[in-house]
>>> print(open('query.tsv').read())   # TSV, C-alpha atoms
chain	number	residue	atom	x	y	z
L	244	MET	CA	27.60	-26.91	-21.88
L	245	LYS	CA	25.15	-29.71	-22.58
L	246	ASN	CA	21.96	-28.32	-21.12
L	247	ILE	CA	19.41	-26.16	-22.86
L	248	ARG	CA	16.54	-23.88	-21.93
L	249	LEU	CA	14.18	-22.71	-24.64
L	250	SER	CA	11.33	-20.27	-24.31
L	251	LEU	CA	9.07	-20.59	-27.34
L	252	PRO	CA	5.67	-19.38	-28.48
L	253	SER	CA	2.94	-22.02	-28.36
L	254	HIS	CA	2.79	-22.14	-32.15
L	255	PRO	CA	2.98	-25.58	-33.82
L	256	ARG	CA	5.54	-24.25	-36.29
L	257	PHE	CA	8.10	-24.37	-33.46
L	258	LEU	CA	7.61	-28.11	-32.88
L	259	SER	CA	10.35	-28.82	-35.42
L	260	VAL	CA	12.69	-26.52	-33.47
L	261	ILE	CA	11.89	-28.45	-30.29
L	262	ARG	CA	12.57	-31.80	-31.99
L	263	MET	CA	15.85	-30.53	-33.36
L	264	ALA	CA	17.02	-29.14	-30.01
L	265	ILE	CA	16.10	-32.30	-28.09
L	266	SER	CA	17.75	-34.50	-30.73
L	267	GLN	CA	20.95	-32.46	-30.43
L	268	VAL	CA	21.07	-32.88	-26.66
L	269	ALA	CA	20.05	-36.56	-26.61
L	270	GLY	CA	22.33	-37.27	-29.59
L	271	GLY	CA	25.32	-36.22	-27.50
L	272	MET	CA	24.50	-38.88	-24.90
L	273	ARG	CA	24.81	-42.66	-25.01
L	274	PHE	CA	21.39	-43.18	-26.56
L	275	LYS	CA	21.00	-45.25	-29.71
L	276	GLU	CA	19.90	-43.38	-32.84
L	277	GLU	CA	16.39	-44.87	-32.62
L	278	GLU	CA	16.10	-43.83	-28.97
L	279	VAL	CA	17.06	-40.25	-29.84
L	280	LYS	CA	14.25	-40.16	-32.44
L	281	ASN	CA	11.79	-41.61	-29.96
L	282	ILE	CA	12.73	-39.07	-27.27
L	283	ALA	CA	12.19	-36.25	-29.79
L	284	LEU	CA	8.79	-37.78	-30.62
L	285	ALA	CA	7.80	-37.96	-26.93
L	286	VAL	CA	8.79	-34.34	-26.29
L	287	ASP	CA	7.03	-33.22	-29.49
L	288	GLU	CA	3.85	-35.00	-28.37
L	289	ALA	CA	4.05	-33.42	-24.92
L	290	CYS	CA	4.42	-29.93	-26.41
L	291	THR	CA	1.59	-30.64	-28.87
L	292	ASN	CA	-0.60	-31.53	-25.88
L	293	VAL	CA	0.31	-28.22	-24.24
L	294	ILE	CA	-0.71	-26.30	-27.37
L	295	LYS	CA	-3.93	-28.28	-27.84
L	296	HIS	CA	-5.12	-28.73	-24.28
L	297	ALA	CA	-3.39	-26.29	-21.90
L	298	TYR	CA	-3.60	-23.39	-24.36
L	299	ASP	CA	-6.72	-24.46	-26.35
L	300	ASP	CA	-4.82	-23.96	-29.62
L	301	LYS	CA	-3.87	-20.38	-28.80
L	302	HIS	CA	-0.53	-19.73	-30.43
L	303	ASN	CA	0.65	-16.62	-28.57
L	304	LYS	CA	1.34	-18.28	-25.22
L	305	ARG	CA	4.64	-19.52	-23.87
L	306	ILE	CA	6.27	-22.92	-23.52
L	307	ILE	CA	9.48	-23.24	-21.56
L	308	LEU	CA	11.48	-26.33	-22.32
L	309	THR	CA	14.58	-27.46	-20.48
L	310	ALA	CA	16.77	-30.47	-21.20
L	311	THR	CA	19.35	-31.42	-18.62
L	312	VAL	CA	21.99	-34.05	-19.10
L	313	GLU	CA	22.63	-35.98	-15.93
L	314	ARG	CA	25.15	-38.80	-15.53
L	315	ASP	CA	23.01	-41.61	-16.90
L	316	ARG	CA	19.81	-39.90	-17.92
L	317	LEU	CA	18.18	-37.03	-19.76
L	318	VAL	CA	15.69	-34.90	-17.83
L	319	VAL	CA	13.28	-32.77	-19.84
L	320	THR	CA	10.81	-30.32	-18.34
L	321	ILE	CA	7.98	-28.64	-20.20
L	322	ARG	CA	6.41	-25.68	-18.42
L	323	ASP	CA	3.18	-24.07	-19.52
L	324	PHE	CA	1.04	-21.34	-18.03
L	325	GLY	CA	-2.32	-22.49	-19.33
L	326	LYS	CA	-5.17	-24.64	-18.15
L	327	LYS	CA	-4.04	-27.18	-15.59
L	328	THR	CA	-3.83	-30.72	-16.81
L	329	ASN	CA	-6.68	-32.84	-15.51
L	330	PRO	CA	-5.19	-35.91	-13.75
L	331	LYS	CA	-8.03	-38.00	-15.19
L	332	SER	CA	-6.78	-37.22	-18.69
L	333	PHE	CA	-3.38	-38.81	-17.90
L	334	GLU	CA	-4.63	-42.15	-19.19
L	335	SER	CA	-3.70	-42.98	-22.77
L	336	ARG	CA	-6.19	-44.94	-24.80
L	337	PRO	CA	-5.94	-48.71	-25.19
L	338	LEU	CA	-4.26	-49.52	-28.52
L	339	LYS	CA	-6.92	-52.04	-29.52
L	340	GLU	CA	-9.38	-49.16	-29.57
L	341	VAL	CA	-8.55	-47.91	-33.06
L	342	ARG	CA	-9.48	-44.26	-33.39
L	343	PRO	CA	-7.71	-41.11	-34.59
L	344	GLY	CA	-6.92	-39.44	-31.21
L	345	GLY	CA	-5.12	-40.33	-28.01
L	346	LEU	CA	-1.88	-41.79	-29.30
L	347	GLY	CA	0.31	-38.91	-28.14
L	348	LEU	CA	0.13	-39.75	-24.45
L	349	TYR	CA	0.67	-43.41	-25.28
L	350	PHE	CA	3.94	-42.51	-27.04
L	351	ILE	CA	5.10	-40.34	-24.15
L	352	LYS	CA	4.49	-43.10	-21.58
L	353	LYS	CA	5.87	-45.87	-23.77
L	354	ILE	CA	9.08	-44.04	-24.64
L	355	MET	CA	10.02	-42.22	-21.42
L	356	ASP	CA	10.99	-43.87	-18.13
L	357	GLU	CA	9.36	-41.25	-15.94
L	358	VAL	CA	6.38	-39.02	-16.72
L	359	LYS	CA	5.37	-36.70	-13.94
L	360	TYR	CA	2.91	-33.81	-13.99
L	361	ASP	CA	3.35	-31.09	-11.39
L	362	ILE	CA	0.24	-28.93	-11.05
L	363	SER	CA	1.30	-27.31	-7.76
L	364	SER	CA	2.09	-23.93	-9.35
L	365	LYS	CA	-0.60	-21.27	-9.27
L	366	LEU	CA	-0.68	-21.22	-13.03
L	367	GLY	CA	-0.13	-24.05	-15.49
L	368	THR	CA	1.67	-27.36	-15.38
L	369	THR	CA	5.25	-28.58	-15.39
L	370	LEU	CA	5.73	-31.93	-17.05
L	371	ARG	CA	8.92	-33.77	-16.18
L	372	LEU	CA	10.13	-36.49	-18.51
L	373	VAL	CA	13.11	-38.71	-17.79
L	374	LYS	CA	14.89	-41.12	-20.10
L	375	LYS	CA	17.65	-43.31	-18.73
L	376	CYS	CA	20.69	-44.35	-20.75
L	377	ARG	CA	21.00	-48.12	-20.80
Y	225	MET	CA	6.04	-31.06	-46.02
Y	226	GLN	CA	4.70	-31.66	-49.51
Y	227	ILE	CA	1.69	-33.56	-50.80
Y	228	LYS	CA	1.41	-34.70	-54.41
Y	229	GLU	CA	-1.25	-36.80	-56.05
Y	230	ARG	CA	-1.05	-39.03	-59.09
Y	231	SER	CA	-3.14	-41.85	-60.49
Y	232	GLN	CA	-2.47	-45.36	-61.64
Y	233	LYS	CA	-5.66	-46.63	-63.27
Y	234	ASP	CA	-8.29	-46.45	-60.50
Y	235	VAL	CA	-5.80	-46.01	-57.69
Y	236	VAL	CA	-4.98	-42.56	-56.30
Y	237	ILE	CA	-1.39	-42.43	-55.12
Y	238	VAL	CA	-0.56	-39.73	-52.58
Y	239	ASP	CA	3.15	-38.98	-52.22
Y	240	LEU	CA	3.97	-37.36	-48.90
Y	241	THR	CA	7.37	-35.77	-48.35
Y	242	GLY	CA	9.07	-34.38	-45.25
Y	243	GLU	CA	7.91	-34.18	-41.65
Y	244	VAL	CA	4.24	-34.68	-40.80
Y	245	ASP	CA	3.40	-33.17	-37.43
Y	246	PHE	CA	0.72	-31.16	-35.64
Y	247	TYR	CA	1.76	-28.06	-37.59
Y	248	ASN	CA	0.92	-29.47	-41.01
Y	249	SER	CA	-1.19	-32.61	-40.51
Y	250	SER	CA	-4.36	-30.55	-41.04
Y	251	LYS	CA	-3.22	-29.94	-44.65
Y	252	VAL	CA	-2.82	-33.69	-45.13
Y	253	ARG	CA	-6.26	-34.25	-43.60
Y	254	GLU	CA	-7.83	-31.73	-45.98
Y	255	ARG	CA	-6.46	-33.62	-48.98
Y	256	PHE	CA	-7.64	-36.94	-47.58
Y	257	ILE	CA	-11.13	-35.57	-46.85
Y	258	ASN	CA	-11.27	-34.32	-50.43
Y	259	LEU	CA	-10.53	-37.84	-51.72
Y	260	VAL	CA	-13.21	-39.25	-49.42
Y	261	LYS	CA	-15.74	-36.71	-50.73
Y	262	GLN	CA	-14.94	-37.99	-54.23
Y	263	LYS	CA	-15.63	-41.50	-52.88
Y	264	ARG	CA	-12.28	-42.73	-54.21
Y	265	LYS	CA	-12.18	-46.45	-53.53
Y	266	ALA	CA	-8.48	-47.22	-53.78
Y	267	ILE	CA	-5.91	-44.98	-52.13
Y	268	LEU	CA	-2.21	-45.66	-51.80
Y	269	ILE	CA	-0.17	-43.44	-49.50
Y	270	ASN	CA	3.52	-43.33	-50.29
Y	271	LEU	CA	5.46	-42.54	-47.11
Y	272	GLY	CA	8.84	-43.22	-48.73
Y	273	GLU	CA	10.00	-39.62	-48.35
Y	274	VAL	CA	8.43	-39.02	-44.93
Y	275	THR	CA	11.18	-38.49	-42.39
Y	276	TYR	CA	8.97	-38.03	-39.33
Y	277	ILE	CA	5.35	-38.58	-38.37
Y	278	ASP	CA	3.71	-37.84	-35.03
Y	279	SER	CA	0.39	-38.91	-33.52
Y	280	SER	CA	-1.55	-36.22	-35.39
Y	281	GLY	CA	-0.17	-37.52	-38.70
Y	282	LEU	CA	-1.06	-41.07	-37.69
Y	283	ALA	CA	-4.53	-39.87	-36.69
Y	284	THR	CA	-5.14	-38.55	-40.23
Y	285	LEU	CA	-4.22	-41.98	-41.63
Y	286	ILE	CA	-6.47	-43.79	-39.15
Y	287	GLU	CA	-9.34	-41.43	-39.95
Y	288	LEU	CA	-8.85	-41.93	-43.69
Y	289	MET	CA	-8.83	-45.71	-43.28
Y	290	GLN	CA	-12.02	-45.64	-41.21
Y	291	LYS	CA	-13.81	-43.38	-43.69
Y	292	LEU	CA	-12.75	-45.61	-46.60
Y	293	ASN	CA	-13.91	-48.70	-44.73
Y	294	GLY	CA	-17.26	-46.96	-44.32
Y	295	TYR	CA	-17.98	-47.11	-48.05
Y	296	GLY	CA	-16.00	-50.19	-49.03
Y	297	GLY	CA	-12.80	-48.39	-50.06
Y	298	LYS	CA	-9.27	-49.65	-49.49
Y	299	LEU	CA	-6.17	-47.94	-48.14
Y	300	LYS	CA	-2.61	-49.18	-48.49
Y	301	LEU	CA	0.67	-47.70	-47.35
Y	302	ILE	CA	4.10	-48.05	-48.92
Y	303	GLY	CA	7.71	-47.10	-48.38
Y	304	LEU	CA	7.96	-46.72	-44.62
Y	305	ASN	CA	11.57	-46.03	-43.71
Y	306	GLN	CA	13.01	-47.48	-40.51
Y	307	SER	CA	12.21	-44.56	-38.22
Y	308	VAL	CA	8.62	-44.17	-39.48
Y	309	ARG	CA	8.14	-47.95	-39.30
Y	310	ASN	CA	9.39	-47.81	-35.72
Y	311	ILE	CA	6.64	-45.31	-34.84
Y	312	PHE	CA	4.04	-47.58	-36.49
Y	313	GLU	CA	5.40	-50.56	-34.58
Y	314	VAL	CA	5.42	-48.78	-31.21
Y	315	SER	CA	1.75	-47.91	-31.71
Y	316	LYS	CA	0.95	-51.36	-33.15
Y	317	LEU	CA	-0.42	-49.74	-36.30
Y	318	THR	CA	1.51	-52.24	-38.42
Y	319	GLU	CA	-1.25	-54.68	-37.40
Y	320	ILE	CA	-4.02	-52.38	-38.61
Y	321	PHE	CA	-2.76	-50.94	-41.90
Y	322	SER	CA	-1.93	-52.85	-45.09
Y	323	ILE	CA	1.74	-51.98	-45.51
Y	324	TYR	CA	3.87	-52.83	-48.53
Y	325	GLN	CA	7.44	-52.00	-49.39
Y	326	GLU	CA	7.08	-51.55	-53.15
Y	327	GLU	CA	4.49	-49.59	-55.10
Y	328	GLN	CA	3.89	-52.29	-57.73
Y	329	GLU	CA	3.31	-54.89	-55.06
Y	330	ALA	CA	0.73	-52.67	-53.34
Y	331	LEU	CA	-1.02	-51.81	-56.63
Y	332	LYS	CA	-1.40	-55.49	-57.44
Y	333	ALA	CA	-3.00	-56.08	-54.04
Y	334	PHE	CA	-5.97	-53.72	-54.66
>>> encode(input="query.tsv", output="structure tokens")
Amino acid sequence: MKNIRLSLPSHPRFLSVIRMAISQVAGGMRFKEEEVKNIALAVDEACTNVIKHAYDDKHNKRIILTATVERDRLVVTIRDFGKKTNPKSFESRPLKEVRPGGLGLYFIKKIMDEVKYDISSKLGTTLRLVKKCR
Amino acid sequence: MQIKERSQKDVVIVDLTGEVDFYNSSKVRERFINLVKQKRKAILINLGEVTYIDSSGLATLIELMQKLNGYGGKLKLIGLNQSVRNIFEVSKLTEIFSIYQEEQEALKAF
């Protein structure tokens, strides 16, 4: 069984658990070591965004994470039940604009092959991230 | 994650250890803000024992650099391992920070 489903509180202390779980799944695929670390970073950043933005730093909400191994790719979904993501906020900041915030989304987009927000549910957002094995 | 401070003449050296993420980066920020309040002019951050850093950890470093620049202070980084360096490279922060491999080399450059 290669796939996982985790239901975790929206507390930042669980980010390390998320990184570890994703690394275990991606590590069993044909990704290079550096790619595995990058995937864990992208998923960490996405979950951090959920805590910060969807849940306004409330730590008693729920994040549901799934990681599914398909033939040549890893599919990760991150489901929250908080404030819907504003499509206008999907843009990461330009790198030449040096300031403390806004790098998380840049990492997610740079690292993953597909980044798709589904806001069709009544409550919250499902983010789907795909990384292909090369 | 651990933060330790030591001094080498006028330079404050901050040794960070472990994983720096959204959970603990506020603790790192607090220490940095404290150094800024003291108007320390030369700060060296040793990332040699940092195994992971996310965007919130990077944000604390960017903020520290900008605050130091505001009063003519200098920030240097040392000891980035391959995976941390990779994160700096992906975000092009290697072009913004003064990064050295060895402590002595960085100290001489202040």
>>> atom_distance(input="query.tsv", atom1="CA of Lys245 (chain L)", atom2="CA of Ser259 (chain L)")
19.6 Å
>>> interface_residues(input="query.tsv", of="chain L", to="chain Y", cutoff="9 Å", atoms="all atoms listed in the file", output="list in words")
His254, Pro255, Arg256, Phe257, Leu258, Ser259, Glu277, Lys280, Asn281, Leu284, Asp287, Glu288, Thr291, Leu338, Lys339, Val341, Arg342, Pro343, Gly344, Gly345, Leu346, Gly347, Tyr349, Phe350, Lys353 and Ile354 of chain L
>>> residues_around(input="query.tsv", residues="Arg230 (chain Y)", least_positions_apart="3", cutoff="12 Å", atoms="all atoms listed in the file", output="list in words")
Ile227, Lys233, Asp234, Val235, Val236, Ile237, Val238, Asp239, Leu240, Ile267, Leu268, Ile269 and Asn270 of chain Y
>>> atom_distance(input="query.tsv", atom1="CA of Lys352 (chain L)", atom2="CA of Leu372 (chain L)")
9.2 Å
>>> closest_residue(input="query.tsv", among="L:Arg273, L:Gly325, L:Cys376, L:Ile282", to="Ala310 (chain L)", atoms="only C-alpha atoms")
L:Ile282
